[in-house]
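Undergrad: This is the content of work-v1.txt (compact mmCIF, C-alpha atoms):
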```
# COMPACT_ATOMS: atom_id res chain seq x y z
CA MET Q 1 155.16 113.99 118.67
CA ARG Q 2 153.10 111.10 117.37
CA THR Q 3 153.31 110.51 113.65
CA GLU Q 4 149.66 111.26 112.88
CA ALA Q 5 149.68 114.43 115.00
CA ARG Q 6 152.84 115.57 113.20
CA ARG Q 7 151.17 114.95 109.84
CA VAL Q 8 148.05 116.89 110.79
CA LEU Q 9 150.14 119.79 112.14
CA GLY Q 10 152.30 119.84 108.99
CA PHE Q 11 149.22 119.69 106.80
CA LEU Q 12 147.67 122.63 108.69
CA VAL Q 13 150.87 124.72 108.59
CA PHE Q 14 151.29 124.17 104.86
CA GLY Q 15 147.56 124.78 104.44
CA ALA Q 16 147.86 128.19 106.07
CA CYS Q 17 150.79 129.14 103.85
CA LEU Q 18 149.02 127.81 100.76
CA PHE Q 19 145.88 129.70 101.72
CA ALA Q 20 147.93 132.92 101.75
CA ALA Q 21 149.34 132.08 98.29
CA ASP Q 22 145.82 131.21 97.08
CA LEU Q 23 144.41 134.55 98.30
CA ALA Q 24 147.35 136.47 96.86
CA LEU Q 25 146.82 134.99 93.41
CA LEU Q 26 143.03 135.46 93.69
CA SER Q 27 143.57 139.14 94.55
CA VAL Q 28 145.96 139.66 91.65
CA LEU Q 29 143.62 137.99 89.18
CA ILE Q 30 140.59 139.97 90.35
CA ALA Q 31 142.59 143.22 90.33
CA ALA Q 32 143.60 142.39 86.75
CA GLY Q 33 139.91 142.21 85.82
CA SER Q 34 139.18 138.47 85.97
CA PRO Q 35 135.66 137.53 87.10
CA PRO Q 36 135.63 135.93 90.58
CA PHE Q 37 134.69 132.39 89.55
CA PRO Q 38 137.47 131.81 86.95
CA ALA Q 39 139.93 133.60 89.25
CA ARG Q 40 138.93 131.31 92.12
CA ILE Q 41 139.39 128.17 90.02
CA ALA Q 42 142.85 129.33 88.87
CA SER Q 43 143.97 130.29 92.39
CA TRP Q 44 142.70 126.96 93.75
CA ALA Q 45 144.54 124.95 91.06
CA PHE Q 46 147.74 126.85 91.85
CA ALA Q 47 147.40 126.22 95.60
CA ALA Q 48 146.46 122.55 95.07
CA SER Q 49 149.58 121.99 92.95
CA LEU Q 50 151.78 123.58 95.60
CA SER Q 51 150.01 121.45 98.20
CA TRP Q 52 150.95 118.30 96.33
CA ILE Q 53 154.59 119.34 96.10
CA LEU Q 54 154.97 120.38 99.74
CA ASN Q 55 152.79 117.78 101.45
CA ARG Q 56 154.13 114.79 99.54
CA ARG Q 57 157.68 115.74 100.48
CA PHE Q 58 157.36 117.11 104.01
CA THR Q 59 154.02 116.09 105.55
CA PHE Q 60 153.83 112.55 104.19
CA ARG Q 61 157.59 112.22 103.55
CA THR Q 62 157.22 110.48 100.21
CA GLN Q 63 160.69 109.44 99.06
CA ALA Q 64 159.86 108.37 95.50
CA PRO Q 65 160.56 110.94 92.80
CA PRO Q 66 157.46 112.94 91.80
CA ARG Q 67 155.66 111.79 88.67
CA LEU Q 68 153.27 113.71 86.45
CA SER Q 69 150.73 110.90 86.77
CA GLU Q 70 150.87 111.18 90.57
CA TRP Q 71 150.26 114.94 90.35
CA ALA Q 72 147.30 114.36 88.01
CA THR Q 73 145.90 111.72 90.37
CA PHE Q 74 146.36 114.07 93.32
CA LEU Q 75 144.57 116.90 91.50
CA ALA Q 76 141.76 114.55 90.51
CA GLY Q 77 141.31 113.56 94.16
CA ALA Q 78 141.79 117.12 95.35
CA SER Q 79 139.10 118.22 92.89
CA ILE Q 80 136.52 116.75 95.27
CA ALA Q 81 137.81 119.11 97.95
CA GLY Q 82 138.10 121.83 95.32
CA ALA Q 83 134.46 121.37 94.35
CA ALA Q 84 133.46 121.73 98.00
CA ASN Q 85 135.76 124.74 98.31
CA ILE Q 86 134.36 126.53 95.25
CA ALA Q 87 130.76 125.58 96.07
CA VAL Q 88 131.07 127.10 99.54
CA PHE Q 89 132.79 130.14 98.02
CA GLY Q 90 129.77 130.71 95.75
CA TRP Q 91 127.27 129.85 98.49
CA VAL Q 92 128.75 132.37 100.94
CA LEU Q 93 128.70 135.09 98.30
CA GLY Q 94 125.13 134.19 97.37
CA THR Q 95 123.78 134.00 100.93
CA THR Q 96 125.33 137.31 101.89
CA GLY Q 97 123.41 138.97 99.05
CA LEU Q 98 126.59 139.65 97.14
CA ALA Q 99 125.99 137.86 93.87
CA PRO Q 100 129.32 137.51 92.06
CA THR Q 101 129.73 138.73 88.51
CA TRP Q 102 129.63 135.18 87.15
CA LEU Q 103 126.02 134.99 88.42
CA GLY Q 104 125.07 138.31 86.88
CA GLY Q 105 125.87 140.44 89.92
CA GLY Q 106 128.87 142.60 90.47
CA ASN Q 107 128.57 144.00 93.95
CA ALA Q 108 130.99 141.67 95.77
CA THR Q 109 133.74 143.58 97.52
CA THR Q 110 137.28 142.29 97.83
CA ILE Q 111 136.83 141.54 101.53
CA HIS Q 112 133.70 139.50 100.82
CA LEU Q 113 135.53 137.61 98.11
CA MET Q 114 138.39 136.88 100.53
CA LEU Q 115 136.04 135.80 103.33
CA SER Q 116 134.15 133.58 100.90
CA ALA Q 117 137.44 132.08 99.75
CA ALA Q 118 138.39 131.47 103.39
CA ALA Q 119 135.08 129.71 104.07
CA GLY Q 120 135.56 127.58 100.97
CA SER Q 121 139.11 126.71 101.95
CA LEU Q 122 137.97 125.57 105.38
CA ALA Q 123 135.27 123.42 103.80
CA GLY Q 124 137.80 121.71 101.54
CA LEU Q 125 140.50 121.24 104.19
CA SER Q 126 139.26 118.04 105.80
CA VAL Q 127 138.25 116.52 102.46
CA SER Q 128 141.71 117.31 101.09
CA TYR Q 129 143.54 115.84 104.09
CA LEU Q 130 141.48 112.66 104.12
CA SER Q 131 141.88 112.28 100.38
CA ALA Q 132 145.67 112.60 100.61
CA ARG Q 133 146.00 110.51 103.76
CA LEU Q 134 143.69 107.64 102.98
CA VAL Q 135 143.57 107.37 99.19
CA LEU Q 136 146.32 109.19 97.32
CA LEU Q 137 149.41 108.73 99.48
CA PRO Q 138 148.51 105.80 101.75
CA LYS Q 139 151.72 103.80 101.33
CA SER Q 140 154.05 106.61 102.26
CA ALA Q 141 151.69 107.97 104.89
CA THR Q 142 151.25 104.73 106.82
CA PRO Q 143 154.24 103.58 108.82
CA ALA Q 144 154.82 99.87 109.15
CA PRO Q 145 153.42 98.49 112.40
CA PRO Q 146 156.00 97.61 115.04
CA ARG Q 147 157.12 94.02 114.91
CA ALA Q 148 156.37 91.73 117.81
CA PRO Q 149 159.38 90.03 119.37
CA ASP Q 150 160.15 86.66 117.82
CA PRO Q 151 159.28 84.00 120.43
CA VAL Q 152 161.79 81.56 118.93
CA GLN Q 153 164.65 83.95 119.68
CA ALA Q 154 163.61 84.63 123.27
CA PRO Q 155 165.92 82.90 125.76
CA PRO Q 156 164.20 80.43 128.05
CA THR Q 157 163.73 81.69 131.58
CA GLU Q 158 164.10 78.25 133.16
CA PRO Q 159 166.08 75.28 131.93
CA HIS Q 160 164.08 72.49 130.37
CA PRO Q 161 163.64 69.70 132.95
CA HIS Q 162 164.80 66.92 130.59
CA LEU Q 163 167.74 68.72 128.99
CA PRO Q 164 171.09 69.41 130.58
CA SER Q 165 171.69 72.95 131.79
CA PRO Q 166 174.56 75.00 130.32
CA ALA Q 167 176.52 74.37 133.52
CA GLN Q 168 176.05 70.59 133.17
CA LYS Q 169 177.13 70.74 129.50
CA ALA Q 170 180.35 72.51 130.45
CA ARG Q 171 181.45 69.65 132.72
```
As structure tokens - that is how I would like this structure written.
TA:
Amino acid sequence: MRTEARRVLGFLVFGACLFAADLALLSVLIAAGSPPFPARIASWAFAASLSWILNRRFTFRTQAPPRLSEWATFLAGASIAGAANIAVFGWVLGTTGLAPTWLGGGNATTIHLMLSAAAGSLAGLSVSYLSARLVLLPKSATPAPPRAPDPVQAPPTEPHPHLPSPAQKAR
């Protein structure tokens, strides 16, 4: 499988697993009485941190030891995707007539919250991948281009007309 296709597939597989973890934490927080918006931010931050750990090691195969500054940089970049994610989450709830409690409503059902979270996660997926691939982990994510053969090392196909051939040198 080509390197980029493998990366995209790995990113999507981890994304699906992280989405499940994100929804699980969102459900627990809402069941515990947290309003949807703070619960969504917390579940997103949890999933984004796991994304950094898993994708840096397996999808982009970063060999350097993880650093706190790298995690903070990743979260800063992922916050753009997170903003898109949370904005779509709120937009879907708002356009379906289910104003969340943080907007003064309170009639959003769990399934609507989960579907809104799914829509938000899909909105942030491409932003997150491009952020990781092009900006945050470009050195580890970009393989070195293949080297061209060195023309100096290539054996000549015909003997030079003014130099003796190997057979003539052996005499």
Undergrad: Restricting the calculation to only C-alpha atoms, which member of Q:Pro65, Q:Gly120, Q:Gly15, Q:Gly90 is positioned closest to Ala47 (chain Q)?
TA: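 Nearest candidate to Ala47 (chain Q) out of Q:Pro65, Q:Gly120, Q:Gly15, Q:Gly90: Q:Gly15.
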Undergrad: Using all atoms listed in the file, can you tell me which of Q:Ile80, Q:Ile30, Q:Leu23, Q:Ala5 comes closest to Ser116 (chain Q)?
TA: Q:Leu23
Undergrad: Figure out the distance between CA of Val127 (chain Q) and CA of Cys17 (chain Q), please, to one decimal in Å.
TA: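 According to the coordinates, CA of Cys17 (chain Q) and CA of Val127 (chain Q) are separated by 17.8 Å.
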Undergrad: When you count only C-alpha atoms, which of these residues is closest to Arg61 (chain Q): Q:Val135, Q:Ala123, Q:Arg6, Q:Arg40?
TA: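 Among the listed residues, Q:Arg6 lies closest to Arg61 (chain Q).
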Undergrad: Using all atoms listed in the file for the distances, tell me which of Q:Pro38, Q:Ile53, Q:Gly77, Q:Ala48 is nearest to Arg133 (chain Q).
TA: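 Looking at the shortest contact to Arg133 (chain Q), the residue is Q:Gly77.
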